[in-house]
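Read the structure below first, then the notes.
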Amino acid sequence: QVQLLESGGGLVQAGDSLGLSCAASGYISSNYDIGWFRQAPGKQRDFVSYINWDGGVTHYADSVKGRFTIARDNAKNTVYLQMNSLKPEDTAVYYCAADSRGTTYYSNTYSYAYEYDYWGQGTQVTVSS
């Protein structure tokens with residue numbers, strides 16, 4: 001069983017920065033591809049960012065490109081999401097998810113939530129204007 005635990009959320013003002021972490025534990029391989037998604041109240045869960053198992057491939061949603069940076073430290077089984085220049089529209093619960101099969105990488109389906117088989121509980125990010 002794999003557990004993912006997000007941390008680092010909080011309340012910030014527009015223009016501020018925030019760093020999220022996704023720590024994996026349990027029976028997990030550092031070869032897992034990881035995605036970040038977010039869900040605002042009353043809205044669907046949207047893709048935010050992706051990093052493949054060795055950190056060599058990253059992707060971002062257009063809405064966060066240039067402001068967010070994803071990285072990973074496989075020795076610590078942790079993936080990070082650095083969020084800069086935050087906007088009120090970034091307010092959401094942020095989830096990390098793991099793809100244990102490599103489907104997101106080989107099929108280029110990293111933005112589809114159904115391709116991920118493990119999810120964290122989420123961490124709230126609130127950006128005030």
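All residue names refer to the structure tokens as shown: chains lettered A, B, ... in order, residues numbered from 1 in each chain, ligands numbered from 1 in order.
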- Quick one: residues within 6 Å of Asp33 (chain A), only C-alpha atoms counted, chain neighbours fewer than 5 positions away excluded, as a list in words?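 Non-adjacent residues within range: Asn52, Trp53, Ala98 and Asp99 of chain A.
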Using DSSP assignments from the backbone, pull out every residue in chain A that falls under alpha helix (DSSP H) and give it to me as a PDB file with N, CA and C atoms, in the first residue's frame.
ATOM      1  N   THR A 103       2.019   4.720 -17.035  1.00  0.00           N
ATOM      2  CA  THR A 103       1.103   5.034 -18.137  1.00  0.00           C
ATOM      3  C   THR A 103       1.167   6.508 -18.521  1.00  0.00           C
ATOM      4  N   THR A 104       1.246   7.366 -17.501  1.00  0.00           N
ATOM      5  CA  THR A 104       1.244   8.806 -17.788  1.00  0.00           C
ATOM      6  C   THR A 104       2.444   9.208 -18.621  1.00  0.00           C
ATOM      7  N   TYR A 105       3.548   8.513 -18.447  1.00  0.00           N
ATOM      8  CA  TYR A 105       4.765   8.853 -19.186  1.00  0.00           C
ATOM      9  C   TYR A 105       4.719   8.285 -20.592  1.00  0.00           C
ATOM     10  N   TYR A 106       4.458   7.011 -20.709  1.00  0.00           N
ATOM     11  CA  TYR A 106       4.520   6.352 -22.023  1.00  0.00           C
ATOM     12  C   TYR A 106       3.350   6.722 -22.921  1.00  0.00           C
TER      13      TYR A 106
END
- Using only C-alpha atoms, pick whichever of A:Val125, A:Leu4, A:Leu86, A:Ala113 has the shortest atom-to-atom distance to Gly26 (chain A). A:Leu4
- Task: Find the distance between CA of Val57 (chain A) and CA of Thr91 (chain A) and write it in Å to one decimal.
- Result: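 These atoms are spaced 25.9 Å apart.
You can rank A:Gly66, A:Ala14, A:Gly122, A:Asn77 by their closest distance to Tyr27 (chain A) using only C-alpha atoms, and at the top of that list sits A:Asn77.
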- Item | Which residue of A:Ser7, A:Gln124, A:Asn31, A:Ser17 approaches Tyr80 (chain A) most closely, using only C-alpha atoms |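 With only C-alpha atoms as the atom set, the closest residue is A:Ser7.
Atom to atom, CA of Asp62 (chain A) and CA of Gln3 (chain A) stand 28.6 Å apart.
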Give me the residues of region 44-126 of chain A that have any atom at most 12 Å from an atom of region 21-24 of chain A; for each, the nearest atom pair and the distance in Å, rounded to one decimal. Use only C-alpha atoms, sort by chain and number, and format it as JSON lines.
{"residue": "A:Thr69", "atom": "CA", "partner": "A:Ser21", "partner_atom": "CA", "distance": 11.8}
{"residue": "A:Ile70", "atom": "CA", "partner": "A:Ser21", "partner_atom": "CA", "distance": 9.8}
{"residue": "A:Ala71", "atom": "CA", "partner": "A:Ser21", "partner_atom": "CA", "distance": 9.7}
{"residue": "A:Arg72", "atom": "CA", "partner": "A:Cys22", "partner_atom": "CA", "distance": 9.2}
{"residue": "A:Asp73", "atom": "CA", "partner": "A:Ala23", "partner_atom": "CA", "distance": 9.9}
{"residue": "A:Asn74", "atom": "CA", "partner": "A:Ala24", "partner_atom": "CA", "distance": 9.8}
{"residue": "A:Ala75", "atom": "CA", "partner": "A:Ala24", "partner_atom": "CA", "distance": 11.0}
{"residue": "A:Lys76", "atom": "CA", "partner": "A:Ala23", "partner_atom": "CA", "distance": 7.8}
{"residue": "A:Asn77", "atom": "CA", "partner": "A:Ala24", "partner_atom": "CA", "distance": 5.5}
{"residue": "A:Thr78", "atom": "CA", "partner": "A:Ala23", "partner_atom": "CA", "distance": 4.5}
{"residue": "A:Val79", "atom": "CA", "partner": "A:Cys22", "partner_atom": "CA", "distance": 5.1}
{"residue": "A:Tyr80", "atom": "CA", "partner": "A:Ser21", "partner_atom": "CA", "distance": 4.6}
{"residue": "A:Leu81", "atom": "CA", "partner": "A:Ser21", "partner_atom": "CA", "distance": 6.4}
{"residue": "A:Gln82", "atom": "CA", "partner": "A:Ser21", "partner_atom": "CA", "distance": 8.7}
{"residue": "A:Met83", "atom": "CA", "partner": "A:Ser21", "partner_atom": "CA", "distance": 11.1}
{"residue": "A:Tyr94", "atom": "CA", "partner": "A:Cys22", "partner_atom": "CA", "distance": 10.2}
{"residue": "A:Tyr95", "atom": "CA", "partner": "A:Cys22", "partner_atom": "CA", "distance": 8.5}
{"residue": "A:Cys96", "atom": "CA", "partner": "A:Cys22", "partner_atom": "CA", "distance": 6.3}
{"residue": "A:Ala97", "atom": "CA", "partner": "A:Cys22", "partner_atom": "CA", "distance": 8.7}
{"residue": "A:Ala98", "atom": "CA", "partner": "A:Ala24", "partner_atom": "CA", "distance": 9.0}
{"residue": "A:Tyr118", "atom": "CA", "partner": "A:Ala24", "partner_atom": "CA", "distance": 10.0}
{"residue": "A:Trp119", "atom": "CA", "partner": "A:Ala24", "partner_atom": "CA", "distance": 10.1}
{"residue": "A:Gly120", "atom": "CA", "partner": "A:Cys22", "partner_atom": "CA", "distance": 8.0}
{"residue": "A:Gln121", "atom": "CA", "partner": "A:Cys22", "partner_atom": "CA", "distance": 10.4}
{"residue": "A:Gly122", "atom": "CA", "partner": "A:Cys22", "partner_atom": "CA", "distance": 9.4}
{"residue": "A:Thr123", "atom": "CA", "partner": "A:Ser21", "partner_atom": "CA", "distance": 9.6}
- Hey, which of A:Leu5, A:Lys43, A:Ser49, A:Asp54 ends up closest to Tyr112 (chain A)? Count only C-alpha atoms.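 Going through A:Leu5, A:Lys43, A:Ser49, A:Asp54 one by one, the smallest distance to Tyr112 (chain A) is for A:Ser49.
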- Which is closest to Arg101 (chain A) among A:Thr126, A:Gly10, A:Tyr32, A:Gly19, if we use only C-alpha atoms?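 Closest residue, counting only C-alpha atoms: A:Tyr32.
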- Task: Would you work out the distance separating CA of Ser63 (chain A) from CA of Val48 (chain A), expressed in Å to one decimal?
- Result: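 Distance between the two atoms: 8.2 Å.
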- Task: Any chance you could list, as a VMD selection string, the residues in region 18-101 of chain A that come up strand (DSSP E) when DSSP is run on the backbone?
- Result: chain A and resid 18 to 26 33 to 39 45 to 51 58 to 60 68 to 73 78 to 83 92 to 99
- Query: Using only C-alpha atoms, which of the listed residues (A:Ser111, A:Gln1, A:Ser129, A:Asn84) sits closest to Asp46 (chain A)?
  - Reply: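 Going through A:Ser111, A:Gln1, A:Ser129, A:Asn84 one by one, the smallest distance to Asp46 (chain A) is for A:Ser111.
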